[in-house]
Structure formats: C-alpha cells, structure tokens
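S.K.: Encoded as structure tokens, here's the structure I'll be asking about.
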2 protein chains.
Amino acid sequence: MRLAIIGTGLIGTSVAMAAARIEGVELVGWDIDPAELKIASERSGLAEADSLGSAVSDADAVLVAVPVGVSQEVVNAVLEHAGPDALITDAGSTKRAVVEQTGDVRFVGGHPLAGGEVGGAASARADLFKGATWFLTPVDSTAGVQLERAFRLVSDLGAKPRAVAPDVHDRILATVSHLPHVLANILVSEAAGTVSDEDESLPATGPSFRDATRVAGAPSSIWTDIYISNAEALIERLASVEAELANVRGMLERRDGPALTAWNDAAGAQKLRLAGGGGIGRSVHQIRVQVPNRPGVLAEIALSLGQAGIDLADLQLHPADDRATGTIVLGIEGGENVERAETLISGLGHKVSEEQ
Amino acid sequence: MRLAIIGTGLIGTSVAMAAARIEGVELVGWDIDPAELKIASERSGLAEADSLGSAVSDADAVLVAVPVGVSQEVVNAVLEHAGPDALITDAGSTKRAVVEQTGDVRFVGGHPLAGGEVGGAASARADLFKGATWFLTPVDSTAGVQLERAFRLVSDLGAKPRAVAPDVHDRILATVSHLPHVLANILVSEAAGTVSDEDESLPATGPSFRDATRVAGAPSSIWTDIYISNAEALIERLASVEAELANVRGMLERRDGPALTAWNDAAGAQKLRLAGGGGIGRSVHQIRVQVPNRPGVLAEIALSLGQAGIDLADLQLHPADDRATGTIVLGIEGGENVERAETLISGLGHKVSEEQ
C-alpha cells in the first residue's frame, strides 16, 4: 500500500514513523516547509515528494495532517489529484465543516486524540497513537470499503478507532477539549486580575489552580483556528456554562446550602459515571453481520456501536461473490457488550451471528 | 509553651505531630469526636482534654481547626474560655467573616494552604505544612506580639507565613481555589450533558479535561460551607467569569480570529507572569525597623510586605526597655527584595537599618 502523508509535522511524521513498521507500506510525504519534510524523511524513511500532486496521484491512501485552518483547502487539493479509488482521511481536530463541504465518497474524516506540547517533525514519536482514541467520522454516503480501510489504517498505527458522526464529534470535543482551554485562559486572567487589583503577587497556589490552568495560553497559531473551526459547538457550550454559573451564583446569593450540596453531589456522581467508561486490555469477541452491499451500511453500524460506547477492536468487510451482499466481521471489546451490539445491529435490520 | 488544638482532624492532628517536634511545646487537644481525639493523641502524644474549656483555659496558644461552617462558633467559645494573654488562631479556609465578627485582640486569623484528598486524624502527617504558604490575616487592631507569636508558630510548623488582609485573602482564595472547584463541577456536568444528549459514552479524553475536572465533586460536607462562607468574593468571581465567557462567545460569533489570538496570547503572558513569583531556598537578609510600640504597627508592615509579594523568613519583635518603642527584625527572602522592603517600610514612616 502506498500511503501519502500531506503535512509532516508532529502528527504526520508520527504517522509516518508508525506506518514505517507496517509490512507492505510504501511512504511518500509532502509539506509546505521543506525543512519539516526533510526531518520527516530522515526519521521515517518516507520519500520526499516535490509537490502535493505528485505525492498523492499514485497513493492508495492519503492522510492530511495540516493545521485545521487550512484543512478544507488542502483536502480539496488532495481530492483533485488523488485517484478514484484512493482513501483520503485527515487528522483535523474539528470535523463537521470539512466533512460537509467535501461530500466526496473517497473521504473519511478522522481525528486522533494525541499530540504534544511541542509540535513539529522533530517531536514526532512512532508510539504517539498507541492506545489513543482515533475518531473516524463516516456519514450516510461513506463507502463501507473506505471506512474499513480507514479503520484498519488507524488500528495498524496503534490507535483505537471510534466511529462518531461529525457533529457529535465536534460537540464532544467542544466539551472535553476546547471548553477546558477557554476556562483555563479565563482562570489565569481572573487570577492576574485579582493580583493586580491588590498589587499583590500570587502565593504558591494549591493543585486545583495549577491543574485547571495547565493548558492556558496554548499556542494561538493552532488554537485560534481550532476555536473558530468549532465555533458553533463551542458557542453553545459557553452559553451553557454561563447559565450554569448564573445558577450557582443564585444559590450563593441565597446562601442556599442544600442546593449547593445537591449540585456538588451531582457533579461527584457524574464524574464517577464518566470515569466508568473505557477499559484497557479487554477481551475481544467476534460477531458476523450479513449486510446488503450498499453505501452507508457499515457507517450506520459503526456509528450505532460508537454511540453506545462499544469499542471495536476489529472491523472487516467481506463482499460476497454476487457483490449484492456481504459479511461484516466485528471485534467487540468486552464480553458484556456483545449482546448489546447484537441487539443494536439486529435493530438496524441485519442478521447477526457469533463467530465460531 | 502550652498549645491547645481544637479540632483534631487532618489539619489539627498534623499541627500536633509537627508541634510535637518543637522543643518546649506541651500539647493538649479536644475534638467533638472522641475517636478522632484518641487517634490524634496516639499519633502526636497530645493530652486528651475532656472539654473545650479545659483544653484552652491554661493554653498559651490555641489553634482552632474545625470545618469552616462552625469556625466562628468554636472561635467564640475558645475566646470565652482562654486566658487574657493567649494567642488564638484558626485554620479556616475563609477569613473575613471570622475576623470581622471576632474583633478580639487575642485573635489572629490563619489559613494553611495544605490538605489532602482524605481527611481525619489517621491521614495526618507531621510534614503536611512543609514549605506550604500559611496565610495570617492581621487587622489594624492586631497586637504586634500576637502576630509575632502566630508567625513563629507557623514557621516552626514548617510553613511559610504570609500576612494578608482578610478580605484580600478571601478574594485570592475565591480565585485560586473556590472558582476552580466550581468550574470543575460545571465541566463535569457539561460533559455528562453532552454524553446523555447523544446517548453516548465519553471516549478516553485528553489531559486537558482530566486535569480540569480533578477536583470536581469534592466532599460537600466541607465544600458547601466553604462556598457559603466565601459567598461574597465567589459571587464576584462568578459574575466576572460569566462576563468573560460572553466576551469570548462574542469573538466566536464574529469569527474574530485576531481578537481570539490577542485574548489567547494575553492568557499565555499572564500565566508566565503568575508562574514567575515564589522561589525556594532563597537567601535571607535581615533588616531592623524602629517602631513606636502601639497596636497595628507590625500588622501594617507585614501586610505591606505581603502585598508586595515579599516573603518573610523571620519576624521578631523586641520592645525597648521604655515600652514606648521597639525594634522589629525581619528576615527578607531574596536579596532583590531588600531595597523594596526598605522603601516600603520607610514609606510607612519608620526608620530602617540593615542588620550587621
């Protein structure tokens, strides 16, 4: 398989280094910055293309790993130059805009939950994605074969793929990443304001402040684009936090101890519930699903399982000889999820059987 | 010196264990829960008093370490039973209310920035306060001799005392501790809301969410009282955060990249500036100050230095034979602060000389 990597910064070069370990993968890369491309080449052995077009024209799969502000533009350029059967995926941290504007059956949006404080090819690591969630954002029109290939590529890089609808992805990221960054910035400016109001230096503070402000002032070169590309979902979250702050403020104005206790207890319970998900090194159970061979079937199943929090350790698509039907083999993580998965898939109208 | 500890939970028992190492200290304690008192006695050797009154009646110094919701009541009971020359201090996490309602010259408010996830005497440690900031909150009427004794006690326990006005203390704590707790709770409920909106489990999230929610759902048995006791300062902070969130939301609604960049860059600069304070193991320079022997002089000097972020490694009060004047010896941390300290103290009308 010929894998083209467009954008050889931290993510692109890490992908190249991880992919260099996969048998049968031939790597080619391109970056707008020749120095970054050279480092990527030295670190992963990828061939340096002299243009985006020449990098992607013969590729079986293309990964676009560029700043989210130029993501759409670069994805469009890749789609223009790539072959009709190529898989094109990206690594941008917001998904709805790029997926909606693309509408090309060759494109499957992606986003690895991995990164580092310091960007650039020099900071790349082959194990950057080991065990990390890597979102894939298929839509109704996504070809099953492309989703399967994206799923396999991401798994081969060491990540755990999770299918999620693009708008759900953006809402989740607004909550678990973009909102914490905004709040960290605001906490820092509140502290700076308190200090300068009082002409006072801030004493050594407790861990709650340190932890809550660790990501404050993350590089604007990356984050301004992230905020703007996910503006809609983030605006919704900010408004929701404003309302909740006003609610807590009301409890304080009324000195309403019972309400504060109920609110605080609820947060504790929610935290426990959120922490209950996930799990590492769980057993994998295979199930087989008979499906009609039409676009969107695999995406629908993967999204349904992803929504229910069921992780897939494996996903294979086997078309039947008649090309009208096929079999999907799914590796379900955690024995307790097998029955739920079967019920969900049966509910979509497909026949399920457990692997012998 | 006979030190009485009222409330032998995590803080009180840790104080007892640390004080047990100080030469010439005789320890007595009382707690509303006999089981906690017994553990404190076993761990520190303090004598178990059979009532609050008998614990404090002969004490030279009394430390009140009870939940902030009953702080005022217990401090009042101690003031009623303690002798006319006793020092009474406390460890409550808000200070304005207890200091204002007390108005007793024997009382100096205090608050160590130390604690633990798990409370109780069994979790106490002799080194809990090592290097921790311990706020002292003198007011104009505070007797110099009491402030000096509180300062020395706190230093002997291993902490770094910092004088700060009670209302400034509460504003700082609202910002660096109570606000982060509120935001952590809200982030968790935002995430739980996003998840249940989507009937979706939360994927393994990045470190920004984990760090920002670490203190969510802290025990209501402690935190409801803290929130209410510092309601005024916290309400001000919450309103300020609401306004700032609306401001950021406006930038997002306008898709205003330059404004977002400026805002994000400012947070980064403020974070650096805030992190620039402090410093460990710095050299100590002594200066001497001639002062009139009247209440409030030492408090005024200590507050002025504390406000300027100048840490005191030492503080001694030497009354002259005529009792009308005295000499204060101050250990100033960091050579670069000596001149600033001298200027500040001269500005208050006192004569300063450097120690030979």
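Quick note on naming: the chains in the structure tokens go A, B, ... in the order shown, residues restart at 1 in each chain, and ligands are numbered from 1 in order of appearance.
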Hey, what does DSSP flag as strand (DSSP E or B) within range 85-311 of chain A? Can you give it to me as a PyMOL selection string?

M.R.: chain A and resi 87-90+107-112+133-137+160-163+284-292

S.K.: Could you give me, as a tab-separated table, every chain A residue with an atom at most 7 Å from chain B, plus its closest atom pair and distance in Å to one decimal, counting only C-alpha atoms, rows ordered by chain then number?

M.R.:
residue	atom	partner	partner_atom	distance
A:Leu113	CA	B:Gly206	CA	6.6
A:Thr133	CA	B:Ala204	CA	6.5
A:Ile172	CA	B:Thr194	CA	6.6
A:Thr175	CA	B:Ala191	CA	5.9
A:Val176	CA	B:Phe209	CA	5.3
A:Ser177	CA	B:Ser208	CA	6.2
A:Pro180	CA	B:Phe209	CA	6.1
A:Asn185	CA	B:Ala267	CA	5.2
A:Ile186	CA	B:Val241	CA	6.9
A:Val188	CA	B:Lys271	CA	6.0
A:Ser189	CA	B:Ala267	CA	6.1
A:Glu190	CA	B:Thr175	CA	6.6
A:Ala191	CA	B:Thr175	CA	5.9
A:Ala192	CA	B:Gln270	CA	6.3
A:Thr194	CA	B:Ile172	CA	6.6
A:Asp199	CA	B:Gln307	CA	6.4
A:Glu200	CA	B:Gln307	CA	4.6
A:Ser201	CA	B:Gly309	CA	4.7
A:Leu202	CA	B:Leu274	CA	6.6
A:Pro203	CA	B:Gly278	CA	6.8
A:Ala204	CA	B:Gly278	CA	6.4
A:Thr205	CA	B:Val176	CA	6.7
A:Gly206	CA	B:Leu113	CA	6.6
A:Ser208	CA	B:Ser177	CA	6.2
A:Phe209	CA	B:Val176	CA	5.3
A:Asp211	CA	B:Asp211	CA	5.1
A:Ala212	CA	B:Ala212	CA	4.4
A:Val215	CA	B:Ser208	CA	6.5
A:Ala216	CA	B:Gly268	CA	6.1
A:Gly217	CA	B:Gly268	CA	3.7
A:Ala218	CA	B:Gly268	CA	7.0
A:Ser220	CA	B:Thr261	CA	5.5
A:Thr224	CA	B:Thr261	CA	5.8
A:Ile228	CA	B:Arg255	CA	5.9
A:Ala231	CA	B:Leu252	CA	5.6
A:Ile235	CA	B:Arg249	CA	5.6
A:Leu238	CA	B:Leu245	CA	6.3
A:Val241	CA	B:Ile186	CA	6.9
A:Glu242	CA	B:Glu242	CA	5.2
A:Leu245	CA	B:Leu238	CA	6.3
A:Arg249	CA	B:Ile235	CA	5.6
A:Leu252	CA	B:Ala231	CA	5.6
A:Arg255	CA	B:Ile228	CA	5.9
A:Gly257	CA	B:Thr224	CA	6.1
A:Leu260	CA	B:Thr224	CA	6.0
A:Thr261	CA	B:Ser220	CA	5.5
A:Asn264	CA	B:Gly217	CA	5.4
A:Asp265	CA	B:Gly217	CA	6.0
A:Ala267	CA	B:Gly217	CA	5.1
A:Gly268	CA	B:Gly217	CA	3.6
A:Gln270	CA	B:Ala192	CA	6.3
A:Lys271	CA	B:Val188	CA	6.0
A:Leu274	CA	B:Leu202	CA	6.5
A:Gly277	CA	B:Ser201	CA	6.7
A:Gly278	CA	B:Ala204	CA	6.3
A:Gln307	CA	B:Glu200	CA	4.6
A:Ala308	CA	B:Glu200	CA	5.3
A:Gly309	CA	B:Ser201	CA	4.7

S.K.: I'd like to know which of A:Ser14, A:Gln146, A:Ser71, A:Thr327 is closest to Val105 in chain A, using only C-alpha atoms.

M.R.: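 That would be A:Gln146, the residue with the smallest distance to Val105 in chain A.
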
S.K.: Contacts of Lys351 in chain B at 7 Å or less, counting only C-alpha atoms, minus same-chain residues fewer than 3 places along, as a list in words?

M.R.: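 Once the nearby chain positions are removed, what remains is Val289, Gln290 and Ser346 of chain B.
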
S.K.: Report the residues of range 97-225 of chain A whose backbone DSSP state falls under alpha helix (DSSP H), written as an MDAnalysis selection string.

M.R.: chainID A and resid 97:102 144:156 166:173 179:197 207:212 220:225

S.K.: One number please: CA of Thr89 in chain A to CA of Ser57 in chain A, in Å, one decimal.

M.R.: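 Separating CA of Thr89 in chain A from CA of Ser57 in chain A is a distance of 14.9 Å.
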
S.K.: Of the candidates A:Arg149, A:Ala165, A:Pro292, A:Phe129, which one gets nearest to Ala91 in chain A if we count only C-alpha atoms?

M.R.: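 For Ala91 in chain A, the nearest of the candidates is A:Phe129.
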